[in-house]
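The block underneath contains the structure these notes are about, expressed in structure tokens.
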Amino acid sequence: MLSPAYRPEVDLVSALTPAPAPRKDRKLFGRLSLPERTFVADALRTETVGGVLLLVAAIAALIWANTPIRESYESVRDFHIGPASLGLDLSIEHWAADGLLAVFFFVAGIELKRELVAGDLKDPRAAALPVVAALCGMAAPALVYTLVNVTGGGSLAGWAVPTATDIAFALAVLAVIGTSLPSALRAFLLTLAVVDDLFAILIIAVFFTDDLNFTALGGAVVGLAVFWLLLRKGVRGWYVYVPLALVIWGLMYNSGIHATIAGVAMGLMLRCTTHKDEGEEYSPGEHIEHLVRPVSAGLAVPLFALFSAGVAVSGDVLGEVFSRPETLGVVLGLVAGKALGIFGGTWLTARFTKASLSEDLAWPDVFAVASLAGIGFTVSLLIGELAFEGNQTLTDEVKAAVLLGSLIAAVLAGTLLKIRNAKYRKLCEDEERDEDLDGIPDIYEQENPAYHLRMAEIYERKAAEHRRLAEVTGGASEENDGPA
């Protein structure tokens with residue numbers, strides 16, 4: 001409360017007088033700015049809905065593939081459709097993996113571009129944490145997989161399978177067990193996943209490219225150049241860009257480079273900064289992301305899960321997961337490698353820079369979020385198919401390992417987050433409290449003199465009401481003190 005000597009005019013003068021800001025060490029997982037917090041909340045809301053749909057699709061696939069009608073699942077999954085003359089006579093499974101996931105990676109490209117020009121990755125100091133954490137969070141699972149398979153005599157082809165994080169699936173888990181997770185940790189998880197997607201894209205492009213068709217690749221490059229030129233000229237209309245995007249995707253597929261790279265490239269070309277002088281409220285990239293993200297989260301990724309997660313699960317298959325080096329490497333990579341890699345990268349950032357952990361959090365909180373990143377569903381399934389292409393038995397076993405590893409990581413992270421949920425709830429209440437009802441959380445107005453003047457008026461009204469009630473109560477007590 002305000003002291004009796006409080007004088008608004010003195011505080012206003014001192015507040016308007018510039019003073020040198022004290023030098024402070026940067027805080028890891030410190031409070032987000034209000035605009036960034038709002039953006040993160042909106043993005044996570046959409047991702048969470050997509051994660052729930054993804055979870056439903058994965059469960060539906062497992063049920064479909066493990067019931068008496070499993071033959072119909074295989075028939076639909078393996079059904080071929082598309083113009084063979086254009087090299088696009090693909091199975092439904094491949095259409096989902098190569099076609100629909102291009103939409104997912106298109107959105108990932110826009111997210112990455114926004115982070116690079118307007119988000120955390122714009123500032124090298126702020127970018128250091130998610131970049132280092134993501135790199136360590138990919139290197140450690142790959143190392144764990146490699147060590148398990150070198151020791152057990154398995155194939156090293158699947159080293160990249162446990163390196164990816166599925167942000168939608170992770171947020172679906174958070175929606176159930178971590179609803180009060182502080183926005184700074186949620187933002188870290190979101191930015192980490194964006195950087196993770198970037199490196200996963202590079203892995204797919206570099207290590208899983210077949211023999212190149214330079215004619216088709218050249219055509220794709222020309223198409224991307226036309227796409228970029230149209231954007232720079234300000235040409236508008238979905239009827240221009242959608243057919244062009246389909247042509248670019250088809251050429252990229254036939255070039256031997258994974259077709260999802262076309263989606264990423266087009267996403268990175270969109271402008272994600274606003275022209276305030278032209279009255280722009282949202283950049284073209286943000287506008288298109290707003291339109292396409294529901295298609296990606298609500299249709300493309302769930303359909304991919306439906307036709308990729310349907311593996312026959314039995315006691316023998318689960319036994320193979322823990323006895324075969326390839327599958328054991330995937331499980332340990334997701335559960336142990338991811339958590340230790342991201343936690344270790346974060347700790348190293350704090351150890352060798354001037355950054356320090358926010359006072360509101362503890363290192364176990366960081367480990368819990370790092371464990372959550374072990375959910376590597378979508379991209380891990382895709383890389384598993386690419387790594388063991390031609391060996392359907394091993395592909396299915398690796399898919400089962402991805403599902404099991406992701407489930408173990410989700411349970412582990414959920415348990416750790418639940419232990420600290422009361423603390424998180426208190427932090428969220430502090431972030432959202434708005435006593436002056438101006439639509440801005442109070443915690444963001446501590447340096448605003450007008451806020452303190454409003455609060456002073458509120459406290460004065462409350463004090464007056466309490467005095468009135470005290471007088472009324474005191475008067476009633478005096479009446480009751482008389483003889484009966």
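Identifiers in the structure tokens: chain A, B, ... in order shown; residue index from 1 per chain; ligand index from 1 in order shown.
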Please identify all polymer residues within 8 Å of Leu212 of chain A, counting only C-alpha atoms, omitting same-chain residues fewer than 5 positions from it, and present them as a ChimeraX atom specification.
/A:217,255-257
For the contact check between segment 299-323 of chain A and segment 163-175 of chain A, emit one row per residue of segment 299-323 of chain A within 12 Å, containing the shortest atom pair and the distance in Å rounded to one decimal, counting only C-alpha atoms, chain then rising number order, as JSON lines.
{"residue": "A:Val301", "atom": "CA", "partner": "A:Ala168", "partner_atom": "CA", "distance": 9.3}
{"residue": "A:Pro302", "atom": "CA", "partner": "A:Ala168", "partner_atom": "CA", "distance": 10.4}
{"residue": "A:Ala305", "atom": "CA", "partner": "A:Phe169", "partner_atom": "CA", "distance": 11.0}
Selection to disk with C-alpha atoms, as a short mmCIF file (atom, residue, chain, number, x, y, z; two decimals), in the first residue's frame:
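Generated file (out.cif):
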data_model
loop_
_atom_site.label_atom_id
_atom_site.label_comp_id
_atom_site.auth_asym_id
_atom_site.auth_seq_id
_atom_site.Cartn_x
_atom_site.Cartn_y
_atom_site.Cartn_z
CA VAL A 301 -0.37 -33.18 -39.64
CA PRO A 302 -3.26 -35.31 -38.29
CA ALA A 305 -0.19 -39.22 -38.27
#
Given only C-alpha atoms, how would the per-residue table for segment 187-267 of chain A near segment 130-141 of chain A read, listing every residue at most 8 Å away with its closest atom pair and distance in Å to one decimal, sorted by chain and number, as a tab-separated table?
residue	atom	partner	partner_atom	distance
A:Phe188	CA	A:Pro130	CA	6.8
A:Thr191	CA	A:Pro130	CA	6.4
A:Leu192	CA	A:Pro130	CA	5.0
A:Ala193	CA	A:Ala134	CA	7.7
A:Val195	CA	A:Ala134	CA	6.4
A:Asp196	CA	A:Ala134	CA	5.6
Determine, for each residue of segment 150-171 of chain A having at least one atom at most 10 Å from an atom of segment 390-405 of chain A, the closest pair of atoms and their separation in Å to one decimal, counting only C-alpha atoms; order by chain and ascending number, as JSON lines.
{"residue": "A:Gly158", "atom": "CA", "partner": "A:Val398", "partner_atom": "CA", "distance": 8.6}
{"residue": "A:Val161", "atom": "CA", "partner": "A:Val402", "partner_atom": "CA", "distance": 8.1}
{"residue": "A:Pro162", "atom": "CA", "partner": "A:Val402", "partner_atom": "CA", "distance": 7.6}
Can you tell me, as number ranges by chain, what residues are no more than 7 Å from Ser91 of chain A when counting only C-alpha atoms, ignoring any on the same chain fewer than 3 positions away?
A: 77-81, 94-95
